[in-house]
Structures are given as C-alpha cells and as structure tokens.
file model08.txt (compact mmCIF, N, CA and C atoms)
# COMPACT_ATOMS: atom_id res chain seq x y z
N ASN A 1 23.67 4.60 -13.18
CA ASN A 1 23.85 4.06 -14.51
C ASN A 1 22.54 3.58 -15.13
N CYS A 2 21.44 3.84 -14.49
CA CYS A 2 20.13 3.38 -14.97
C CYS A 2 19.84 3.89 -16.38
N TYR A 3 20.09 5.16 -16.62
CA TYR A 3 19.81 5.75 -17.93
C TYR A 3 20.63 5.06 -19.02
N GLU A 4 21.93 4.85 -18.76
CA GLU A 4 22.79 4.20 -19.75
C GLU A 4 22.36 2.75 -19.99
N VAL A 5 22.05 2.03 -18.92
CA VAL A 5 21.61 0.64 -19.05
C VAL A 5 20.33 0.57 -19.88
N GLY A 6 19.37 1.42 -19.57
CA GLY A 6 18.11 1.42 -20.31
C GLY A 6 18.30 1.73 -21.78
N ASN A 7 19.12 2.72 -22.09
CA ASN A 7 19.35 3.08 -23.49
C ASN A 7 20.09 1.99 -24.25
N VAL A 8 21.10 1.40 -23.65
CA VAL A 8 21.84 0.32 -24.32
C VAL A 8 20.92 -0.88 -24.55
N CYS A 9 20.11 -1.23 -23.56
CA CYS A 9 19.19 -2.36 -23.71
C CYS A 9 18.17 -2.09 -24.81
N ASN A 10 17.74 -0.85 -24.94
CA ASN A 10 16.82 -0.47 -26.01
C ASN A 10 17.49 -0.66 -27.37
N LEU A 11 18.73 -0.24 -27.49
CA LEU A 11 19.47 -0.43 -28.76
C LEU A 11 19.64 -1.92 -29.07
N ILE A 12 19.97 -2.70 -28.05
CA ILE A 12 20.12 -4.15 -28.24
C ILE A 12 18.80 -4.76 -28.70
N GLU A 13 17.70 -4.37 -28.07
CA GLU A 13 16.40 -4.91 -28.44
C GLU A 13 16.08 -4.59 -29.90
N LYS A 14 16.29 -3.34 -30.30
CA LYS A 14 15.99 -2.94 -31.69
C LYS A 14 16.82 -3.74 -32.68
N LYS A 15 18.10 -3.87 -32.42
CA LYS A 15 18.99 -4.63 -33.31
C LYS A 15 18.56 -6.09 -33.39
N LEU A 16 18.27 -6.66 -32.26
CA LEU A 16 17.89 -8.07 -32.21
C LEU A 16 16.54 -8.32 -32.86
N LEU A 17 15.60 -7.40 -32.73
CA LEU A 17 14.30 -7.55 -33.40
C LEU A 17 14.48 -7.68 -34.90
N GLY A 18 15.42 -6.91 -35.46
CA GLY A 18 15.70 -7.01 -36.89
C GLY A 18 16.25 -8.37 -37.28
N GLU A 19 17.13 -8.91 -36.46
CA GLU A 19 17.70 -10.23 -36.73
C GLU A 19 16.64 -11.32 -36.59
N LEU A 20 15.85 -11.23 -35.54
CA LEU A 20 14.83 -12.25 -35.30
C LEU A 20 13.74 -12.23 -36.35
N SER A 21 13.42 -11.05 -36.86
CA SER A 21 12.37 -10.98 -37.88
C SER A 21 12.82 -11.58 -39.20
N ASN A 22 14.13 -11.76 -39.37
CA ASN A 22 14.67 -12.43 -40.55
C ASN A 22 14.79 -13.93 -40.32
N ASP A 23 14.08 -14.43 -39.31
CA ASP A 23 14.07 -15.84 -38.95
C ASP A 23 15.45 -16.33 -38.55
N GLN A 24 16.23 -15.46 -37.95
CA GLN A 24 17.54 -15.82 -37.42
C GLN A 24 17.41 -16.03 -35.92
N PHE A 25 18.31 -16.80 -35.34
CA PHE A 25 18.37 -16.91 -33.90
C PHE A 25 19.82 -16.68 -33.49
N PRO A 26 20.16 -15.42 -33.25
CA PRO A 26 21.56 -15.08 -32.96
C PRO A 26 22.00 -15.53 -31.57
N LEU A 27 23.29 -15.76 -31.46
CA LEU A 27 23.92 -16.03 -30.17
C LEU A 27 24.43 -14.70 -29.65
N ILE A 28 24.01 -14.33 -28.45
CA ILE A 28 24.38 -13.05 -27.88
C ILE A 28 25.31 -13.28 -26.70
N LEU A 29 26.49 -12.71 -26.76
CA LEU A 29 27.45 -12.79 -25.66
C LEU A 29 27.64 -11.39 -25.12
N GLY A 30 27.57 -11.25 -23.81
CA GLY A 30 27.72 -9.92 -23.23
C GLY A 30 28.51 -9.96 -21.95
N GLY A 31 28.87 -8.79 -21.50
CA GLY A 31 29.69 -8.68 -20.30
C GLY A 31 28.91 -8.31 -19.05
N ASP A 32 27.63 -8.09 -19.17
CA ASP A 32 26.84 -7.72 -18.00
C ASP A 32 25.46 -8.35 -18.09
N HIS A 33 24.94 -8.76 -16.97
CA HIS A 33 23.64 -9.42 -16.92
C HIS A 33 22.53 -8.54 -17.46
N CYS A 34 22.71 -7.23 -17.38
CA CYS A 34 21.64 -6.30 -17.79
C CYS A 34 21.30 -6.40 -19.27
N ILE A 35 22.22 -6.87 -20.11
CA ILE A 35 21.86 -6.94 -21.54
C ILE A 35 20.68 -7.86 -21.78
N SER A 36 20.43 -8.75 -20.82
CA SER A 36 19.28 -9.66 -20.97
C SER A 36 17.96 -8.89 -20.99
N ILE A 37 17.93 -7.70 -20.45
CA ILE A 37 16.71 -6.90 -20.50
C ILE A 37 16.34 -6.62 -21.95
N GLY A 38 17.32 -6.28 -22.77
CA GLY A 38 17.09 -6.03 -24.19
C GLY A 38 16.95 -7.30 -25.01
N THR A 39 17.79 -8.30 -24.72
CA THR A 39 17.76 -9.52 -25.53
C THR A 39 16.48 -10.32 -25.29
N ILE A 40 16.12 -10.50 -24.04
CA ILE A 40 14.92 -11.29 -23.74
C ILE A 40 13.66 -10.55 -24.17
N SER A 41 13.65 -9.22 -24.03
CA SER A 41 12.50 -8.44 -24.51
C SER A 41 12.27 -8.68 -26.00
N ALA A 42 13.35 -8.65 -26.76
CA ALA A 42 13.23 -8.86 -28.21
C ALA A 42 12.78 -10.29 -28.53
N ILE A 43 13.41 -11.25 -27.90
CA ILE A 43 13.07 -12.65 -28.16
C ILE A 43 11.61 -12.93 -27.85
N LYS A 44 11.12 -12.44 -26.71
CA LYS A 44 9.73 -12.70 -26.33
C LYS A 44 8.73 -11.97 -27.23
N LYS A 45 9.13 -10.86 -27.85
CA LYS A 45 8.22 -10.19 -28.79
C LYS A 45 8.01 -11.02 -30.05
N ILE A 46 9.03 -11.73 -30.48
CA ILE A 46 8.96 -12.52 -31.70
C ILE A 46 8.54 -13.96 -31.40
N ARG A 47 9.10 -14.52 -30.36
CA ARG A 47 8.82 -15.92 -29.98
C ARG A 47 8.17 -15.93 -28.60
N LYS A 48 6.88 -15.72 -28.59
CA LYS A 48 6.14 -15.54 -27.33
C LYS A 48 6.22 -16.74 -26.39
N ASN A 49 6.41 -17.93 -26.93
CA ASN A 49 6.47 -19.14 -26.10
C ASN A 49 7.88 -19.53 -25.69
N ALA A 50 8.86 -18.69 -25.99
CA ALA A 50 10.25 -19.02 -25.66
C ALA A 50 10.43 -19.12 -24.15
N GLY A 51 11.22 -20.10 -23.75
CA GLY A 51 11.59 -20.25 -22.35
C GLY A 51 13.02 -19.77 -22.15
N ILE A 52 13.35 -19.44 -20.94
CA ILE A 52 14.67 -18.91 -20.61
C ILE A 52 15.36 -19.84 -19.63
N ILE A 53 16.52 -20.34 -20.00
CA ILE A 53 17.36 -21.10 -19.07
C ILE A 53 18.45 -20.14 -18.61
N TRP A 54 18.39 -19.78 -17.36
CA TRP A 54 19.30 -18.80 -16.77
C TRP A 54 20.41 -19.55 -16.05
N VAL A 55 21.59 -19.60 -16.66
CA VAL A 55 22.73 -20.33 -16.10
C VAL A 55 23.61 -19.33 -15.39
N ASP A 56 23.59 -19.40 -14.06
CA ASP A 56 24.31 -18.39 -13.28
C ASP A 56 24.37 -18.85 -11.83
N ALA A 57 25.38 -18.41 -11.12
CA ALA A 57 25.47 -18.67 -9.69
C ALA A 57 24.50 -17.79 -8.91
N HIS A 58 24.11 -16.68 -9.53
CA HIS A 58 23.26 -15.68 -8.86
C HIS A 58 21.87 -15.65 -9.49
N GLY A 59 20.89 -15.22 -8.70
CA GLY A 59 19.51 -15.19 -9.17
C GLY A 59 19.16 -13.99 -10.02
N ASP A 60 19.85 -12.87 -9.83
CA ASP A 60 19.60 -11.65 -10.60
C ASP A 60 18.11 -11.29 -10.59
N ILE A 61 17.47 -11.49 -9.45
CA ILE A 61 16.04 -11.24 -9.33
C ILE A 61 15.75 -10.29 -8.15
N ASN A 62 16.77 -9.54 -7.74
CA ASN A 62 16.57 -8.51 -6.72
C ASN A 62 15.75 -7.37 -7.30
N THR A 63 15.10 -6.65 -6.44
CA THR A 63 14.40 -5.42 -6.79
C THR A 63 15.13 -4.27 -6.10
N PRO A 64 14.83 -3.04 -6.46
CA PRO A 64 15.47 -1.93 -5.74
C PRO A 64 15.26 -2.01 -4.22
N SER A 65 14.13 -2.55 -3.79
CA SER A 65 13.86 -2.62 -2.34
C SER A 65 14.51 -3.83 -1.67
N THR A 66 14.91 -4.86 -2.43
CA THR A 66 15.53 -6.04 -1.81
C THR A 66 17.04 -6.09 -2.01
N SER A 67 17.56 -5.30 -2.93
CA SER A 67 18.99 -5.34 -3.23
C SER A 67 19.81 -4.71 -2.11
N THR A 68 20.88 -5.40 -1.73
CA THR A 68 21.77 -4.82 -0.73
C THR A 68 22.78 -3.87 -1.36
N SER A 69 23.05 -4.04 -2.65
CA SER A 69 24.04 -3.19 -3.33
C SER A 69 23.41 -2.07 -4.15
N GLY A 70 22.18 -2.29 -4.62
CA GLY A 70 21.55 -1.30 -5.50
C GLY A 70 22.02 -1.40 -6.94
N ASN A 71 22.89 -2.36 -7.25
CA ASN A 71 23.41 -2.51 -8.61
C ASN A 71 22.36 -3.14 -9.52
N MET A 72 22.16 -2.55 -10.68
CA MET A 72 21.16 -3.05 -11.62
C MET A 72 21.50 -4.44 -12.15
N HIS A 73 22.80 -4.79 -12.18
CA HIS A 73 23.14 -6.11 -12.74
C HIS A 73 22.60 -7.25 -11.88
N GLY A 74 22.08 -6.96 -10.71
CA GLY A 74 21.43 -7.98 -9.89
C GLY A 74 19.91 -7.96 -10.01
N MET A 75 19.38 -7.19 -10.98
CA MET A 75 17.94 -7.00 -11.08
C MET A 75 17.29 -7.32 -12.41
N PRO A 76 18.00 -7.81 -13.43
CA PRO A 76 17.35 -7.94 -14.73
C PRO A 76 16.11 -8.84 -14.74
N LEU A 77 16.15 -9.96 -14.04
CA LEU A 77 14.97 -10.83 -14.06
C LEU A 77 13.80 -10.19 -13.31
N ALA A 78 14.07 -9.44 -12.27
CA ALA A 78 13.00 -8.74 -11.57
C ALA A 78 12.32 -7.74 -12.52
N LEU A 79 13.11 -7.05 -13.32
CA LEU A 79 12.53 -6.12 -14.30
C LEU A 79 11.72 -6.88 -15.34
N LEU A 80 12.29 -7.94 -15.89
CA LEU A 80 11.62 -8.70 -16.95
C LEU A 80 10.34 -9.36 -16.46
N LEU A 81 10.28 -9.69 -15.18
CA LEU A 81 9.09 -10.31 -14.59
C LEU A 81 8.05 -9.29 -14.11
N GLY A 82 8.40 -8.02 -14.16
CA GLY A 82 7.47 -6.99 -13.70
C GLY A 82 7.44 -6.82 -12.19
N LEU A 83 8.50 -7.23 -11.52
CA LEU A 83 8.57 -7.09 -10.07
C LEU A 83 9.01 -5.71 -9.63
N VAL A 84 9.50 -4.90 -10.57
CA VAL A 84 9.91 -3.53 -10.29
C VAL A 84 8.76 -2.63 -10.70
N SER A 85 8.11 -2.04 -9.72
CA SER A 85 6.93 -1.22 -10.02
C SER A 85 7.30 -0.01 -10.85
N GLU A 86 6.45 0.27 -11.81
CA GLU A 86 6.61 1.44 -12.69
C GLU A 86 7.99 1.49 -13.35
N SER A 87 8.42 0.35 -13.88
CA SER A 87 9.74 0.29 -14.51
C SER A 87 9.87 1.25 -15.69
N ARG A 88 8.77 1.57 -16.35
CA ARG A 88 8.83 2.50 -17.49
C ARG A 88 9.20 3.91 -17.04
N ASN A 89 9.08 4.19 -15.75
CA ASN A 89 9.45 5.50 -15.23
C ASN A 89 10.92 5.59 -14.86
N LEU A 90 11.63 4.47 -14.93
CA LEU A 90 13.07 4.51 -14.67
C LEU A 90 13.76 5.26 -15.80
N PRO A 91 14.78 6.05 -15.51
CA PRO A 91 15.49 6.76 -16.57
C PRO A 91 16.01 5.80 -17.63
N GLY A 92 15.67 6.05 -18.89
CA GLY A 92 16.13 5.22 -20.01
C GLY A 92 15.25 4.02 -20.31
N PHE A 93 14.19 3.80 -19.54
CA PHE A 93 13.35 2.62 -19.71
C PHE A 93 11.94 2.93 -20.21
N ASP A 94 11.75 4.06 -20.86
CA ASP A 94 10.42 4.41 -21.36
C ASP A 94 9.95 3.45 -22.45
N TRP A 95 10.81 2.71 -23.07
CA TRP A 95 10.51 1.75 -24.13
C TRP A 95 10.12 0.38 -23.59
N PHE A 96 10.40 0.11 -22.32
CA PHE A 96 10.39 -1.23 -21.75
C PHE A 96 9.03 -1.65 -21.21
N SER A 97 8.70 -2.93 -21.42
CA SER A 97 7.54 -3.56 -20.79
C SER A 97 7.95 -4.94 -20.30
N PRO A 98 7.59 -5.32 -19.07
CA PRO A 98 7.90 -6.67 -18.59
C PRO A 98 7.32 -7.71 -19.54
N CYS A 99 8.04 -8.83 -19.70
CA CYS A 99 7.63 -9.80 -20.72
C CYS A 99 7.71 -11.25 -20.27
N LEU A 100 8.12 -11.50 -19.04
CA LEU A 100 8.28 -12.87 -18.57
C LEU A 100 7.25 -13.22 -17.50
N GLU A 101 6.94 -14.51 -17.46
CA GLU A 101 6.15 -15.11 -16.38
C GLU A 101 7.09 -16.08 -15.66
N PRO A 102 6.86 -16.34 -14.39
CA PRO A 102 7.73 -17.28 -13.67
C PRO A 102 7.89 -18.63 -14.36
N LYS A 103 6.85 -19.12 -15.03
CA LYS A 103 6.92 -20.42 -15.71
C LYS A 103 7.88 -20.40 -16.90
N ASP A 104 8.28 -19.21 -17.35
CA ASP A 104 9.17 -19.08 -18.51
C ASP A 104 10.64 -19.31 -18.15
N ILE A 105 10.96 -19.38 -16.87
CA ILE A 105 12.36 -19.36 -16.42
C ILE A 105 12.73 -20.67 -15.72
N ILE A 106 13.93 -21.14 -16.02
CA ILE A 106 14.55 -22.22 -15.25
C ILE A 106 15.96 -21.74 -14.91
N TYR A 107 16.30 -21.84 -13.65
CA TYR A 107 17.67 -21.52 -13.21
C TYR A 107 18.51 -22.79 -13.19
N ILE A 108 19.76 -22.65 -13.61
CA ILE A 108 20.74 -23.74 -13.48
C ILE A 108 22.01 -23.16 -12.87
N GLY A 109 22.49 -23.81 -11.81
CA GLY A 109 23.79 -23.46 -11.23
C GLY A 109 23.76 -22.48 -10.07
N LEU A 110 22.61 -22.24 -9.50
CA LEU A 110 22.53 -21.29 -8.39
C LEU A 110 23.38 -21.76 -7.22
N ARG A 111 24.12 -20.83 -6.62
CA ARG A 111 24.91 -21.17 -5.44
C ARG A 111 25.13 -19.98 -4.51
N ASP A 112 24.78 -18.78 -4.96
CA ASP A 112 25.03 -17.59 -4.16
C ASP A 112 23.83 -16.64 -4.28
N LEU A 113 22.80 -16.92 -3.49
CA LEU A 113 21.58 -16.12 -3.53
C LEU A 113 21.44 -15.26 -2.28
N ASP A 114 20.94 -14.06 -2.47
CA ASP A 114 20.57 -13.24 -1.33
C ASP A 114 19.32 -13.84 -0.71
N LYS A 115 19.12 -13.60 0.58
CA LYS A 115 17.97 -14.16 1.28
C LYS A 115 16.66 -13.79 0.59
N GLN A 116 16.53 -12.55 0.17
CA GLN A 116 15.30 -12.10 -0.49
C GLN A 116 15.12 -12.78 -1.85
N GLU A 117 16.22 -13.04 -2.55
CA GLU A 117 16.11 -13.74 -3.83
C GLU A 117 15.56 -15.15 -3.62
N LYS A 118 16.04 -15.84 -2.60
CA LYS A 118 15.51 -17.18 -2.30
C LYS A 118 14.00 -17.11 -2.06
N THR A 119 13.59 -16.10 -1.31
CA THR A 119 12.16 -15.94 -1.00
C THR A 119 11.36 -15.68 -2.27
N ILE A 120 11.86 -14.81 -3.14
CA ILE A 120 11.16 -14.47 -4.38
C ILE A 120 11.04 -15.69 -5.29
N ILE A 121 12.14 -16.41 -5.47
CA ILE A 121 12.15 -17.59 -6.34
C ILE A 121 11.16 -18.64 -5.83
N LYS A 122 11.18 -18.87 -4.53
CA LYS A 122 10.26 -19.85 -3.94
C LYS A 122 8.81 -19.37 -4.07
N LYS A 123 8.56 -18.12 -3.75
CA LYS A 123 7.19 -17.58 -3.81
C LYS A 123 6.62 -17.66 -5.23
N LEU A 124 7.45 -17.38 -6.23
CA LEU A 124 7.00 -17.40 -7.62
C LEU A 124 6.96 -18.82 -8.21
N GLY A 125 7.56 -19.77 -7.51
CA GLY A 125 7.57 -21.15 -8.00
C GLY A 125 8.45 -21.35 -9.22
N ILE A 126 9.53 -20.59 -9.31
CA ILE A 126 10.45 -20.73 -10.44
C ILE A 126 11.29 -21.99 -10.25
N ARG A 127 11.34 -22.81 -11.29
CA ARG A 127 12.15 -24.03 -11.24
C ARG A 127 13.62 -23.63 -11.14
N ALA A 128 14.32 -24.26 -10.19
CA ALA A 128 15.72 -23.89 -9.96
C ALA A 128 16.55 -25.12 -9.63
N TYR A 129 17.70 -25.21 -10.28
CA TYR A 129 18.68 -26.25 -10.00
C TYR A 129 19.93 -25.56 -9.44
N THR A 130 20.26 -25.90 -8.21
CA THR A 130 21.46 -25.34 -7.59
C THR A 130 22.68 -26.11 -8.10
N MET A 131 23.86 -25.65 -7.73
CA MET A 131 25.07 -26.40 -8.08
C MET A 131 25.06 -27.77 -7.40
N TYR A 132 24.47 -27.83 -6.22
CA TYR A 132 24.33 -29.13 -5.55
C TYR A 132 23.50 -30.08 -6.42
N ASP A 133 22.39 -29.58 -6.98
CA ASP A 133 21.55 -30.40 -7.86
C ASP A 133 22.32 -30.86 -9.09
N VAL A 134 23.07 -29.95 -9.67
CA VAL A 134 23.85 -30.29 -10.87
C VAL A 134 24.89 -31.36 -10.54
N ASP A 135 25.56 -31.20 -9.41
CA ASP A 135 26.55 -32.21 -9.00
C ASP A 135 25.90 -33.55 -8.70
N LYS A 136 24.75 -33.52 -8.06
CA LYS A 136 24.07 -34.76 -7.66
C LYS A 136 23.44 -35.48 -8.85
N LEU A 137 22.71 -34.72 -9.69
CA LEU A 137 21.98 -35.32 -10.81
C LEU A 137 22.82 -35.46 -12.07
N GLY A 138 23.79 -34.59 -12.23
CA GLY A 138 24.57 -34.51 -13.46
C GLY A 138 23.93 -33.51 -14.41
N ILE A 139 24.75 -32.84 -15.18
CA ILE A 139 24.22 -31.81 -16.08
C ILE A 139 23.33 -32.41 -17.16
N GLY A 140 23.61 -33.63 -17.59
CA GLY A 140 22.77 -34.28 -18.59
C GLY A 140 21.34 -34.44 -18.11
N LYS A 141 21.17 -34.94 -16.89
CA LYS A 141 19.84 -35.14 -16.32
C LYS A 141 19.14 -33.79 -16.10
N VAL A 142 19.88 -32.80 -15.64
CA VAL A 142 19.30 -31.46 -15.44
C VAL A 142 18.78 -30.92 -16.77
N MET A 143 19.57 -31.05 -17.81
CA MET A 143 19.14 -30.54 -19.13
C MET A 143 17.94 -31.32 -19.66
N GLU A 144 17.91 -32.64 -19.45
CA GLU A 144 16.73 -33.43 -19.84
C GLU A 144 15.49 -32.90 -19.15
N GLU A 145 15.59 -32.65 -17.86
CA GLU A 145 14.44 -32.14 -17.11
C GLU A 145 14.03 -30.75 -17.59
N CYS A 146 14.99 -29.95 -17.97
CA CYS A 146 14.67 -28.61 -18.50
C CYS A 146 13.91 -28.71 -19.81
N VAL A 147 14.36 -29.59 -20.68
CA VAL A 147 13.70 -29.76 -21.99
C VAL A 147 12.29 -30.31 -21.78
N ASP A 148 12.12 -31.21 -20.83
CA ASP A 148 10.80 -31.79 -20.56
C ASP A 148 9.85 -30.81 -19.89
N TYR A 149 10.38 -29.77 -19.28
CA TYR A 149 9.58 -28.78 -18.57
C TYR A 149 8.81 -27.95 -19.59
call {"tool": "encode", "arguments": {"input": "model08.txt", "output": "structure tokens"}}
result
Amino acid sequence: NCYEVGNVCNLIEKKLLGELSNDQFPLILGGDHCISIGTISAIKKIRKNAGIIWVDAHGDINTPSTSTSGNMHGMPLALLLGLVSESRNLPGFDWFSPCLEPKDIIYIGLRDLDKQEKTIIKKLGIRAYTMYDVDKLGIGKVMEECVDY
C-alpha cells in the first residue's frame, strides 16, 4: 500500500498548503496515522517552527528494518524525521522530504512501544510522557510542560 499512502499524503499536503497559505489553521481528523505524513509536511512548510504533540499509545517511529509488521501506519514519524533512508524512492513518495527534528516532537500517552521504538526515542532524546506519567502528573501538568518546552 506504499504507493497509495504516498499519493494520498501528497494530495493531503497540497490541499492543506492551500488552506494554510490563506492564514487558516484547519483541524484534520483522519482514520490512519499515515495522513500525518501529508499534514505535518504541509504545516512545517508554512510554519517552520511548529511543534508536534503526538497523542497516541504507540510511537509510530518504526522503520522498515525495525518494524515487526511492516505496516506503514507504524512508521510516519520515522519518515518525517528522515529515519527511512531514501524515502523519496518509495513508490508514491517522490514529492516527499523529511521535515522534522527530534526537538519538534513531544509524545503524550505512550503505553505500547516496540523495543526498537523505545531505543529510537531514547537515542533521539524525544520528550515523551507515558500513560503512567499522565496518571501520575495529571494531564494539566503534562500540557503545561509541553507548552513550556
């Protein structure tokens, strides 16, 4: 499904670039984590200093070599961070360029990470709040810390 994912994300990026250039900030709701490849690409082209708060139980930072399933929906952050070598050579991704740095991301709600995802997140120094952290600190305190970051 790589070709379809790449093409749909390209369409999403193009549509969103039009909205963002009109000084709009749309709310995007989707059914698959992969749409973030198109949405975040567009947002970072217009708002280069934008940060990403990734609210999810999963890290979605696997690469083709670390994924146990091979499903792309577990890889969008790896693509956006440039952890997937030669991503432009993937079918449907000739339009794509990585656009995130580890400092741009904060995770909230992690509770189900693959071993390699834990290693990648720690190695890159990405700020992460697990569900344990949310329960212990409270969501208000977590959000305060995110805004202060």
call {"tool": "closest_residue", "arguments": {"input": "model08.txt", "among": "A:Leu113, A:Ile61, A:Leu100, A:Val5", "to": "Met75 (chain A)", "atoms": "only C-alpha atoms"}}
result
A:Ile61
call {"tool": "residues_around", "arguments": {"input": "model08.txt", "residues": "Val84 (chain A)", "least_positions_apart": "3", "cutoff": "8 Å", "atoms": "only C-alpha atoms", "output": "list in words"}}
result
Thr63, Pro64, Ala78, Leu79 and Ser87 of chain A
call {"tool": "closest_residue", "arguments": {"input": "model08.txt", "among": "A:Leu27, A:Cys146, A:Ala42, A:Cys2", "to": "Lys15 (chain A)", "atoms": "all atoms listed in the file"}}
result
A:Ala42
call {"tool": "closest_residue", "arguments": {"input": "model08.txt", "among": "A:Pro102, A:Ser97, A:Asn62, A:Leu11", "to": "Gln116 (chain A)", "atoms": "only N, CA and C atoms"}}
result
A:Asn62
call {"tool": "atom_distance", "arguments": {"input": "model08.txt", "atom1": "atom N of Gly74 (chain A)", "atom2": "CA of Lys44 (chain A)"}}
result
20.7 Å
call {"tool": "atom_distance", "arguments": {"input": "model08.txt", "atom1": "atom C of Pro76 (chain A)", "atom2": "atom N of Ile37 (chain A)"}}
result
6.1 Å
call {"tool": "select_by_dssp", "arguments": {"input": "model08.txt", "residues": "chain A", "states": "alpha helix (DSSP H)", "output": "ChimeraX atom specification"}}
result
/A:2-21,35-46,76-81,115-124,131-137,139-148
call {"tool": "atom_distance", "arguments": {"input": "model08.txt", "atom1": "atom N of Ile106 (chain A)", "atom2": "atom N of Glu144 (chain A)"}}
result
12.6 Å
call {"tool": "select_by_dssp", "arguments": {"input": "model08.txt", "residues": "region 31-122 of chain A", "states": "strand (DSSP E)", "output": "PyMOL selection string"}}
result
chain A and resi 52-55+105-110
call {"tool": "residues_around", "arguments": {"input": "model08.txt", "residues": "region 120-137 of chain A", "least_positions_apart": "4", "cutoff": "6 Å", "atoms": "all atoms listed in the file", "output": "number ranges by chain"}}
result
A: 102, 105-111, 116, 141-142
call {"tool": "closest_residue", "arguments": {"input": "model08.txt", "among": "A:Thr66, A:Asn71, A:Ser21, A:Ser36", "to": "Asn1 (chain A)", "atoms": "only C-alpha atoms"}}
result
A:Asn71
call {"tool": "axis_aligned_box", "arguments": {"input": "model08.txt", "around": "region 71-87 of chain A", "padding_each_side": "3 Å", "output": "JSON"}}
result
{"center_x": 14.9, "center_y": -4.7, "center_z": -12.1, "size_x": 23.0, "size_y": 18.3, "size_z": 15.7}
call {"tool": "closest_residue", "arguments": {"input": "model08.txt", "among": "A:Lys45, A:Lys115, A:His33, A:His73", "to": "Glu13 (chain A)", "atoms": "only C-alpha atoms"}}
result
A:Lys45
